$ cat coords.pdb   # PDB, C-alpha atoms and all ligand atoms
ATOM      1  CA  MET A  29     131.294  94.938 106.004
ATOM      2  CA  ARG A  30     132.150  98.201 106.158
ATOM      3  CA  HIS A  31     132.973 100.788 105.103
ATOM      4  CA  GLU A  32     134.095 104.343 105.067
ATOM      5  CA  ASP A  33     134.270 107.512 104.691
ATOM      6  CA  PRO A  34     133.173 110.705 106.403
ATOM      7  CA  VAL A  35     135.498 109.624 109.157
ATOM      8  CA  LEU A  36     138.046 107.455 107.387
ATOM      9  CA  ALA A  37     138.542 109.260 104.127
ATOM     10  CA  PRO A  38     140.126 112.342 105.627
ATOM     11  CA  LEU A  39     142.403 110.068 107.621
ATOM     12  CA  PHE A  40     143.592 107.996 104.721
ATOM     13  CA  GLY A  41     143.763 110.563 101.955
ATOM     14  CA  THR A  42     144.526 109.254  98.503
ATOM     15  CA  VAL A  43     143.665 105.609  98.316
ATOM     16  CA  ASP A  44     145.299 104.319  95.162
ATOM     17  CA  HIS A  45     146.347 100.769  95.854
ATOM     18  CA  HIS A  46     146.991 100.852  99.539
ATOM     19  CA  PHE A  47     146.226  97.566 101.149
ATOM     20  CA  VAL A  48     146.823  96.014 104.522
ATOM     21  CA  ALA A  49     146.659  92.260 104.730
ATOM     22  CA  GLY A  50     146.515  89.686 107.440
ATOM     23  CA  ARG A  51     145.615  89.714 111.075
ATOM     24  CA  ASP A  52     148.572  91.944 111.821
ATOM     25  CA  ALA A  53     146.610  94.631 110.081
ATOM     26  CA  VAL A  54     143.756  94.464 112.574
ATOM     27  CA  PRO A  55     141.968  95.398 114.670
ATOM     28  CA  VAL A  56     140.652  98.654 113.379
ATOM     29  CA  ARG A  57     137.608 100.394 114.687
ATOM     30  CA  ARG A  58     134.548 100.050 112.502
ATOM     31  CA  THR A  59     133.423 103.512 111.645
ATOM     32  CA  ASP A  60     130.652 103.006 109.163
ATOM     33  CA  GLN A  61     128.088 101.081 111.114
ATOM     34  CA  ILE A  62     127.790 103.685 113.761
ATOM     35  CA  ALA A  63     129.061 107.016 112.724
ATOM     36  CA  ALA A  64     130.372 109.388 115.326
ATOM     37  CA  THR A  65     127.511 110.192 117.612
ATOM     38  CA  GLY A  66     125.813 113.464 118.120
ATOM     39  CA  HIS A  67     122.864 115.331 116.749
ATOM     40  CA  PHE A  68     121.838 117.809 114.156
ATOM     41  CA  GLY A  69     123.990 120.732 115.063
ATOM     42  CA  ALA A  70     123.717 122.100 111.541
ATOM     43  CA  PHE A  71     119.976 121.828 111.487
ATOM     44  CA  PHE A  72     118.875 125.030 109.787
ATOM     45  CA  HIS A  73     121.983 125.879 107.845
ATOM     46  CA  THR A  74     120.952 124.568 104.465
ATOM     47  CA  PRO A  75     119.451 126.776 101.768
ATOM     48  CA  PHE A  76     115.854 126.711 100.630
ATOM     49  CA  LEU A  77     114.443 124.186  98.228
ATOM     50  CA  LEU A  78     113.303 125.791  95.051
ATOM     51  CA  ARG A  79     112.028 123.439  92.463
ATOM     52  CA  GLY A  80     111.332 119.871  91.449
ATOM     53  CA  ALA A  81     112.864 117.969  88.609
ATOM     54  CA  VAL A  82     112.673 114.410  87.403
ATOM     55  CA  THR A  83     115.647 112.105  87.314
ATOM     56  CA  THR A  84     115.595 108.357  86.822
ATOM     57  CA  GLY A  85     111.890 108.184  87.439
ATOM     58  CA  VAL A  86     111.826 109.726  90.916
ATOM     59  CA  THR A  87     111.150 113.289  91.931
ATOM     60  CA  ALA A  88     114.414 114.994  92.725
ATOM     61  CA  LEU A  89     114.495 118.194  94.743
ATOM     62  CA  PHE A  90     117.383 120.583  94.298
ATOM     63  CA  TYR A  91     118.748 123.424  96.311
ATOM     64  CA  ARG A  92     118.831 126.886  94.885
ATOM     65  CA  GLY A  93     121.809 126.972  92.562
ATOM     66  CA  GLU A  94     123.971 129.347  94.569
ATOM     67  CA  MET A  95     124.931 126.846  97.229
ATOM     68  CA  SER A  96     128.514 125.742  97.369
ATOM     69  CA  PHE A  97     130.182 123.495  99.903
ATOM     70  CA  THR A  98     132.830 124.642 102.287
ATOM     71  CA  GLN A  99     133.635 121.031 103.129
ATOM     72  CA  ALA A 100     136.000 119.155 100.842
ATOM     73  CA  LEU A 101     134.762 116.311  98.724
ATOM     74  CA  PRO A 102     135.936 113.042 100.337
ATOM     75  CA  GLN A 103     138.899 111.548  98.533
ATOM     76  CA  SER A 104     137.372 108.103  98.550
ATOM     77  CA  VAL A 105     134.022 106.448  98.872
ATOM     78  CA  SER A 106     133.004 103.125 100.387
ATOM     79  CA  PRO A 107     130.581 100.651  98.853
ATOM     80  CA  SER A 108     128.053 101.468 101.585
ATOM     81  CA  ARG A 109     128.274 105.233 100.986
ATOM     82  CA  LEU A 110     127.933 104.655  97.262
ATOM     83  CA  SER A 111     124.804 102.719  98.074
ATOM     84  CA  ASP A 112     123.584 105.686 100.153
ATOM     85  CA  PHE A 113     124.227 107.958  97.202
ATOM     86  CA  GLN A 114     122.401 105.705  94.794
ATOM     87  CA  THR A 115     119.422 105.561  97.170
ATOM     88  CA  CYS A 116     119.309 109.314  97.756
ATOM     89  CA  PRO A 117     122.091 111.753  96.790
ATOM     90  CA  ARG A 118     121.003 114.168  99.543
ATOM     91  CA  ARG A 119     121.696 111.499 102.156
ATOM     92  CA  TYR A 120     125.224 111.201 100.799
ATOM     93  CA  GLN A 121     125.581 114.972 101.023
ATOM     94  CA  TYR A 122     124.533 115.042 104.665
ATOM     95  CA  ALA A 123     126.649 112.041 105.670
ATOM     96  CA  SER A 124     129.765 112.418 103.543
ATOM     97  CA  ILE A 125     130.049 116.076 102.536
ATOM     98  CA  GLU A 126     128.545 117.868 105.537
ATOM     99  CA  ARG A 127     129.459 114.970 107.844
ATOM    100  CA  ILE A 128     126.403 115.396 109.989
ATOM    101  CA  PRO A 129     126.584 112.612 112.578
ATOM    102  CA  GLN A 130     123.969 109.908 112.535
ATOM    103  CA  PRO A 131     122.869 108.877 116.018
ATOM    104  CA  ALA A 132     123.341 105.235 116.931
ATOM    105  CA  SER A 133     120.312 102.986 117.141
ATOM    106  CA  TYR A 134     119.909  99.775 119.092
ATOM    107  CA  ALA A 135     120.271  97.814 115.830
ATOM    108  CA  THR A 136     123.515  99.527 114.809
ATOM    109  CA  ALA A 137     124.926  99.189 118.330
ATOM    110  CA  LYS A 138     124.098  95.485 118.317
ATOM    111  CA  GLY A 139     125.708  95.081 114.905
ATOM    112  CA  ARG A 140     128.916  96.738 116.006
ATOM    113  CA  PHE A 141     128.897  94.805 119.250
ATOM    114  CA  ALA A 142     128.676  91.442 117.473
ATOM    115  CA  HIS A 143     131.227  92.461 114.830
ATOM    116  CA  TYR A 144     133.663  93.409 117.588
ATOM    117  CA  VAL A 145     133.344  89.969 119.166
ATOM    118  CA  PHE A 146     133.854  88.196 115.813
ATOM    119  CA  GLU A 147     136.824  90.385 115.020
ATOM    120  CA  GLN A 148     138.473  89.553 118.349
ATOM    121  CA  LEU A 149     137.696  85.853 117.949
ATOM    122  CA  PHE A 150     139.654  85.781 114.698
ATOM    123  CA  THR A 151     142.671  87.409 116.292
ATOM    124  CA  LEU A 152     143.106  84.135 118.176
ATOM    125  CA  ALA A 153     144.996  81.154 116.806
ATOM    126  CA  PRO A 154     142.550  78.836 115.001
ATOM    127  CA  ARG A 155     142.590  76.185 117.747
ATOM    128  CA  ASP A 156     141.572  78.805 120.326
ATOM    129  CA  ARG A 157     138.475  80.032 118.495
ATOM    130  CA  THR A 158     136.020  78.380 120.849
ATOM    131  CA  ILE A 159     132.642  79.641 121.972
ATOM    132  CA  GLU A 160     133.964  79.980 125.527
ATOM    133  CA  ASN A 161     136.737  82.268 124.313
ATOM    134  CA  ALA A 162     134.300  84.177 122.102
ATOM    135  CA  ARG A 163     132.133  84.892 125.153
ATOM    136  CA  GLU A 164     135.182  86.334 126.890
ATOM    137  CA  PHE A 165     135.074  89.212 124.384
ATOM    138  CA  ILE A 166     131.581  90.347 125.373
ATOM    139  CA  ALA A 167     132.786  92.324 128.400
ATOM    140  CA  PRO A 168     135.507  94.137 126.375
ATOM    141  CA  ALA A 169     132.847  94.878 123.736
ATOM    142  CA  VAL A 170     130.816  96.732 126.362
ATOM    143  CA  GLU A 171     133.811  98.977 126.982
ATOM    144  CA  ALA A 172     134.809  99.372 123.340
ATOM    145  CA  ILE A 173     131.431  99.857 121.680
ATOM    146  CA  LEU A 174     129.030 101.209 124.269
ATOM    147  CA  THR A 175     130.593 104.604 124.705
ATOM    148  CA  GLU A 176     128.786 107.332 126.602
ATOM    149  CA  ASP A 177     127.597 108.854 123.334
ATOM    150  CA  VAL A 178     126.201 105.560 122.081
ATOM    151  CA  ARG A 179     124.460 104.918 125.417
ATOM    152  CA  ALA A 180     122.930 108.386 125.282
ATOM    153  CA  ASP A 181     121.769 107.933 121.679
ATOM    154  CA  ILE A 182     119.878 104.754 122.468
ATOM    155  CA  ASP A 183     118.826 105.633 126.050
ATOM    156  CA  MET A 184     120.557 102.554 127.322
ATOM    157  CA  ASP A 185     119.573 101.342 130.765
ATOM    158  CA  ASP A 186     120.440  98.141 132.623
ATOM    159  CA  ALA A 187     117.569  96.220 131.037
ATOM    160  CA  MET A 188     118.667  97.193 127.522
ATOM    161  CA  LEU A 189     122.265  96.261 128.289
ATOM    162  CA  ALA A 190     121.155  92.856 129.590
ATOM    163  CA  LYS A 191     119.086  92.360 126.430
ATOM    164  CA  LEU A 192     122.022  93.278 124.186
ATOM    165  CA  ILE A 193     124.346  90.885 125.988
ATOM    166  CA  ALA A 194     121.777  88.067 125.885
ATOM    167  CA  GLU A 195     121.170  88.600 122.150
ATOM    168  CA  THR A 196     124.903  88.633 121.452
ATOM    169  CA  ASP A 197     125.296  85.392 123.378
ATOM    170  CA  SER A 198     122.481  83.911 121.313
ATOM    171  CA  ILE A 199     124.190  85.094 118.100
ATOM    172  CA  LEU A 200     127.384  83.343 119.187
ATOM    173  CA  THR A 201     125.503  80.106 119.882
ATOM    174  CA  THR A 202     123.883  80.314 116.458
ATOM    175  CA  TYR A 203     127.157  81.220 114.740
ATOM    176  CA  PHE A 204     129.006  78.221 116.156
ATOM    177  CA  ARG A 205     126.312  75.995 114.633
ATOM    178  CA  MET A 206     126.890  77.636 111.238
ATOM    179  CA  GLU A 207     130.624  77.083 110.934
ATOM    180  CA  ASP A 208     133.645  75.891 112.873
ATOM    181  CA  PRO A 209     135.984  78.889 113.159
ATOM    182  CA  THR A 210     138.895  76.600 114.130
ATOM    183  CA  ALA A 211     138.780  75.268 110.550
ATOM    184  CA  ILE A 212     138.646  78.662 108.831
ATOM    185  CA  SER A 213     141.681  79.921 106.963
ATOM    186  CA  SER A 214     141.329  83.680 107.015
ATOM    187  CA  GLU A 215     143.443  86.050 104.940
ATOM    188  CA  GLY A 216     142.277  88.966 107.061
ATOM    189  CA  VAL A 217     139.532  90.337 109.280
ATOM    190  CA  GLU A 218     138.405  93.944 109.256
ATOM    191  CA  LEU A 219     140.572  94.113 106.170
ATOM    192  CA  ARG A 220     141.185  97.635 104.896
ATOM    193  CA  LEU A 221     141.190  97.880 101.132
ATOM    194  CA  GLY A 222     141.628 100.877  98.898
ATOM    195  CA  ALA A 223     142.019 101.158  95.137
ATOM    196  CA  THR A 224     140.826 103.171  92.207
ATOM    197  CA  VAL A 225     138.316 101.032  90.382
ATOM    198  CA  ASN A 226     137.329 102.202  86.926
ATOM    199  CA  GLY A 227     138.071 105.781  87.972
ATOM    200  CA  ALA A 228     136.209 105.557  91.297
ATOM    201  CA  PRO A 229     138.458 105.857  94.397
ATOM    202  CA  LEU A 230     137.061 103.147  96.639
ATOM    203  CA  PHE A 231     137.908 102.431 100.234
ATOM    204  CA  GLY A 232     136.281  99.901 102.503
ATOM    205  CA  ILE A 233     136.730  97.526 105.396
ATOM    206  CA  LEU A 234     135.877  93.919 104.771
ATOM    207  CA  ASP A 235     134.527  91.805 107.637
ATOM    208  CA  ARG A 236     136.574  88.791 106.619
ATOM    209  CA  LEU A 237     138.392  87.404 103.599
ATOM    210  CA  ASP A 238     138.715  83.619 103.647
ATOM    211  CA  ARG A 239     140.946  81.260 101.730
ATOM    212  CA  ASP A 240     138.645  78.337 101.003
ATOM    213  CA  ALA A 241     139.762  74.716 100.839
ATOM    214  CA  ASP A 242     139.941  74.880  97.022
ATOM    215  CA  GLY A 243     142.478  77.728  97.280
ATOM    216  CA  THR A 244     140.134  80.512  96.157
ATOM    217  CA  LEU A 245     139.123  83.643  98.063
ATOM    218  CA  ALA A 246     135.702  84.203  99.596
ATOM    219  CA  ILE A 247     134.261  87.470 100.889
ATOM    220  CA  VAL A 248     132.466  86.982 104.226
ATOM    221  CA  ASP A 249     129.995  89.563 105.468
ATOM    222  CA  TYR A 250     128.286  89.163 108.853
ATOM    223  CA  LYS A 251     124.669  90.303 109.030
ATOM    224  CA  THR A 252     123.069  90.729 112.424
ATOM    225  CA  GLY A 253     119.631  91.716 111.135
ATOM    226  CA  GLY A 254     116.856  89.692 109.550
ATOM    227  CA  LEU A 255     117.034  87.606 106.404
ATOM    228  CA  PRO A 256     116.257  89.263 103.087
ATOM    229  CA  ASN A 257     113.095  88.415 101.259
ATOM    230  CA  ARG A 258     113.281  84.940  99.722
ATOM    231  CA  ASN A 259     113.354  86.543  96.283
ATOM    232  CA  TYR A 260     116.348  88.584  97.343
ATOM    233  CA  ASP A 261     117.321  90.955  94.622
ATOM    234  CA  SER A 262     120.665  92.038  93.272
ATOM    235  CA  GLN A 263     120.881  94.736  95.965
ATOM    236  CA  THR A 264     121.389  92.045  98.601
ATOM    237  CA  PHE A 265     124.814  91.325  97.115
ATOM    238  CA  ALA A 266     125.580  94.753  95.651
ATOM    239  CA  ASN A 267     128.024  95.940  98.318
ATOM    240  CA  ALA A 268     129.834  92.616  98.510
ATOM    241  CA  GLU A 269     130.158  92.473  94.721
ATOM    242  CA  LEU A 270     131.759  95.893  94.734
ATOM    243  CA  TYR A 271     134.139  94.604  97.410
ATOM    244  CA  ALA A 272     135.005  91.809  94.978
ATOM    245  CA  ALA A 273     136.033  94.462  92.441
ATOM    246  CA  LEU A 274     137.991  96.231  95.173
ATOM    247  CA  CYS A 275     139.763  92.992  96.126
ATOM    248  CA  GLU A 276     140.696  92.337  92.521
ATOM    249  CA  ALA A 277     142.086  95.857  92.095
ATOM    250  CA  SER A 278     143.909  95.828  95.451
ATOM    251  CA  LEU A 279     145.138  92.265  95.668
ATOM    252  CA  GLY A 280     145.289  91.220  92.039
ATOM    253  CA  GLU A 281     142.968  88.321  92.798
ATOM    254  CA  LYS A 282     139.244  88.181  92.350
ATOM    255  CA  PRO A 283     137.310  86.361  95.104
ATOM    256  CA  LYS A 284     135.316  83.461  93.799
ATOM    257  CA  LYS A 285     132.498  83.547  96.310
ATOM    258  CA  ILE A 286     130.484  85.911  98.455
ATOM    259  CA  ARG A 287     129.149  84.549 101.716
ATOM    260  CA  LEU A 288     126.552  86.567 103.609
ATOM    261  CA  MET A 289     126.270  85.086 107.108
ATOM    262  CA  TYR A 290     122.994  85.965 108.842
ATOM    263  CA  VAL A 291     124.389  85.165 112.248
ATOM    264  CA  ALA A 292     121.205  85.994 114.158
ATOM    265  CA  LYS A 293     119.196  83.622 111.973
ATOM    266  CA  GLY A 294     121.630  80.782 111.377
ATOM    267  CA  GLU A 295     121.551  81.052 107.587
ATOM    268  CA  THR A 296     124.242  81.718 105.016
ATOM    269  CA  ILE A 297     123.531  82.939 101.494
ATOM    270  CA  GLU A 298     126.264  82.376  98.940
ATOM    271  CA  ARG A 299     126.775  83.617  95.432
ATOM    272  CA  ASP A 300     129.560  83.087  92.904
ATOM    273  CA  VAL A 301     131.435  86.150  91.718
ATOM    274  CA  THR A 302     131.533  86.476  87.940
ATOM    275  CA  ASP A 303     133.510  88.780  85.671
ATOM    276  CA  VAL A 304     130.256  90.207  84.339
ATOM    277  CA  VAL A 305     129.084  91.171  87.830
ATOM    278  CA  VAL A 306     132.415  92.713  88.812
ATOM    279  CA  LYS A 307     132.468  94.755  85.611
ATOM    280  CA  ALA A 308     128.884  95.908  86.124
ATOM    281  CA  ARG A 309     129.559  96.967  89.718
ATOM    282  CA  SER A 310     132.739  98.774  88.672
ATOM    283  CA  ASN A 311     130.889 100.662  85.952
ATOM    284  CA  SER A 312     128.105 101.574  88.349
ATOM    285  CA  ALA A 313     130.647 102.863  90.915
ATOM    286  CA  SER A 314     132.395 104.873  88.230
ATOM    287  CA  ASN A 315     129.120 106.406  87.100
ATOM    288  CA  ALA A 316     128.128 107.259  90.686
ATOM    289  CA  TRP A 317     131.505 108.842  91.437
ATOM    290  CA  GLY A 318     131.154 110.993  88.328
ATOM    291  CA  ARG A 319     127.725 112.169  89.492
ATOM    292  CA  ILE A 320     129.037 112.848  93.014
ATOM    293  CA  ASN A 321     131.695 115.124  91.544
ATOM    294  CA  GLN A 322     129.160 116.799  89.295
ATOM    295  CA  TYR A 323     126.676 117.434  92.136
ATOM    296  CA  TYR A 324     129.482 118.672  94.349
ATOM    297  CA  ASP A 325     130.587 121.159  91.703
ATOM    298  CA  ASP A 326     126.957 122.195  91.152
ATOM    299  CA  GLY A 327     126.331 122.569  94.905
ATOM    300  CA  ASP A 328     123.220 120.428  94.466
ATOM    301  CA  PHE A 329     122.748 116.883  95.680
ATOM    302  CA  PRO A 330     119.112 116.134  94.836
ATOM    303  CA  ALA A 331     116.808 114.628  97.432
ATOM    304  CA  THR A 332     114.875 111.614  96.157
ATOM    305  CA  PRO A 333     112.351 110.925  98.927
ATOM    306  CA  SER A 334     110.425 107.667  98.951
ATOM    307  CA  ILE A 335     108.967 105.391 101.599
ATOM    308  CA  ASN A 336     111.788 102.878 101.254
ATOM    309  CA  ALA A 337     114.604 105.416 101.065
ATOM    310  CA  CYS A 338     113.433 107.556 103.971
ATOM    311  CA  ARG A 339     112.139 104.905 106.363
ATOM    312  CA  PHE A 340     115.429 104.356 108.182
ATOM    313  CA  CYS A 341     117.157 107.614 107.251
ATOM    314  CA  SER A 342     118.616 109.640 110.124
ATOM    315  CA  TYR A 343     118.070 112.889 108.252
ATOM    316  CA  LYS A 344     114.277 112.835 108.029
ATOM    317  CA  GLU A 345     113.726 115.828 110.294
ATOM    318  CA  LEU A 346     116.492 117.820 108.651
ATOM    319  CA  CYS A 347     114.969 117.155 105.249
ATOM    320  CA  ARG A 348     111.490 118.107 106.422
ATOM    321  CA  ALA A 349     112.857 121.315 107.913
ATOM    322  CA  ASN A 350     114.234 122.085 104.465
ATOM    323  CA  GLY A 351     110.926 121.426 102.734
ATOM    324  CA  VAL A 352     111.556 117.935 101.384
ATOM    325  CA  PRO A 353     108.258 115.983 101.388
ATOM    326  CA  VAL A 354     109.541 113.005 103.354
ATOM    327  CA  PRO A 355     106.825 110.335 103.545
ATOM    328  CA  ARG A 356     105.364 109.738 107.019
TER     329      ARG A 356
HETATM  330  S1  LIG B 401     115.046 111.639 104.578
HETATM  331 FE1  LIG B 401     114.681 110.780 102.541
HETATM  332  S2  LIG B 401     114.976 112.500 101.130
HETATM  333 FE2  LIG B 401     115.944 113.078 103.085
HETATM  334  S3  LIG B 401     118.095 112.461 102.922
HETATM  335 FE3  LIG B 401     116.998 110.779 103.880
HETATM  336  S4  LIG B 401     116.455 109.426 102.176
HETATM  337 FE4  LIG B 401     116.951 111.423 101.286
END
$ encode --input "coords.pdb" --output "structure tokens"
Amino acid sequence: MRHEDPVLAPLFGTVDHHFVAGRDAVPVRRTDQIAATGHFGAFFHTPFLLRGAVTTGVTALFYRGEMSFTQALPQSVSPSRLSDFQTCPRRYQYASIERIPQPASYATAKGRFAHYVFEQLFTLAPRDRTIENAREFIAPAVEAILTEDVRADIDMDDAMLAKLIAETDSILTTYFRMEDPTAISSEGVELRLGATVNGAPLFGILDRLDRDADGTLAIVDYKTGGLPNRNYDSQTFANAELYAALCEASLGEKPKKIRLMYVAKGETIERDVTDVVVKARSNSASNAWGRINQYYDDGDFPATPSINACRFCSYKELCRANGVPVPR
């Protein structure tokens, strides 16, 4: 599900309680999975690193104190960008304050490609949501998702395109074994939600919000990557649980379930949404938003390098150029 904000926040401005429901509200272009493409134009513009400090048990590296940002602080933040911030504040700075584009990867392109097909499938009347009709959206997905910039980022050639199409077809086959979309009652797909939650201005785009047979709401999030570790931790559901808080604040109704659909693997992981979890996620978002404002005012978003944080980060080379000891 997605999510936000270097691109969307400036477009939507203040987000208090704006909400668009139903299929009439879609489609919208997903902007969080693949940010606008391009490369590190601002490569050497950041100030020197000066010192180390310790926060929350990890080494945090700060800029010299005189830095201030010419870019405005985004007016809202998505669950995924909050997660970025909590992993490494410097990553949030690069992505959301400086808005340095992150090049597409094959994995992100595939994710967007599959999400596009699912989104289009759910614009059809329930009886028309067949696998044959779903396959009809693959060709439009090539046009809509594989822009020249994306193709350049991932060095796409004919063999890669054929692989992407074959893998998407396989995802569709697997998906239709997981559920029958003709029987799904959806309140919205690519549902745009914005509300201030516990002082944090949140904005995000939900893959799908279902009305289950028992009348309750369920958050559905498609995952095109691998399954989490069997002992999946609370982070697996963290974004979706924050979306539950966002739904409650926007719609006045708290979803009862979260459904993570691993559509490449044929497995769904479900979890109930509890008041305790929603409150905890809201408090965490509020705390993070307070720190974002504080770091912005200070001109310092600390870097917290680690193997896990840096492994898939697009800003590795930029960080290294600025003296951050990014693990190899
Ligand atoms: S490379 Fe590591 S330290 Fe640098 S922004 Fe990314 S996660 Fe943070």
$ atom_distance --input "coords.pdb" --atom1 "atom CA of A:Ala162" --atom2 "atom CA of A:Glu195"
13.9 Å
$ residues_around --input "coords.pdb" --residues "stretch 231-243 of chain A" --least-positions-apart "4" --cutoff "6 Å" --atoms "only C-alpha atoms" --output "number ranges by chain"
A: 29-32, 104-106, 213-222, 247-249
$ resolve_selection --input "coords.pdb" --expression "the PyMOL selection byres (((not hetatm)) within 6 of (chain B and resi 401))" --output "PyMOL selection string"
chain A and resi 116+118-119+331-333+337-338+341+343-344+347+354
$ atom_distance --input "coords.pdb" --atom1 "atom CA of A:Arg348" --atom2 "atom CA of A:Asn336"
16.1 Å
$ atom_distance --input "coords.pdb" --atom1 "atom CA of A:Pro102" --atom2 "atom CA of A:Lys282"
26.3 Å
$ closest_residue --input "coords.pdb" --among "A:Val170, A:Ala211, A:Ala266, A:Ala137" --to "A:Asp183" --atoms "all atoms listed in the file"
A:Ala137
$ closest_residue --input "coords.pdb" --among "A:Asp325, A:Gly280, A:Thr252, A:Ala268" --to "A:Arg299" --atoms "all atoms listed in the file"
A:Ala268
$ residues_near_point --input "coords.pdb" --point "(147.1, 75.9, 112.9)" --cutoff "10 Å" --atoms "all atoms listed in the file" --output "PyMOL selection string"
chain A and resi 153-156+210-213
$ residues_around --input "coords.pdb" --residues "A:Ile125" --least-positions-apart "6" --cutoff "8 Å" --atoms "only C-alpha atoms" --output "list in words"
Pro34, Phe97, Gln99, Ala100, Leu101 and Pro102 of chain A
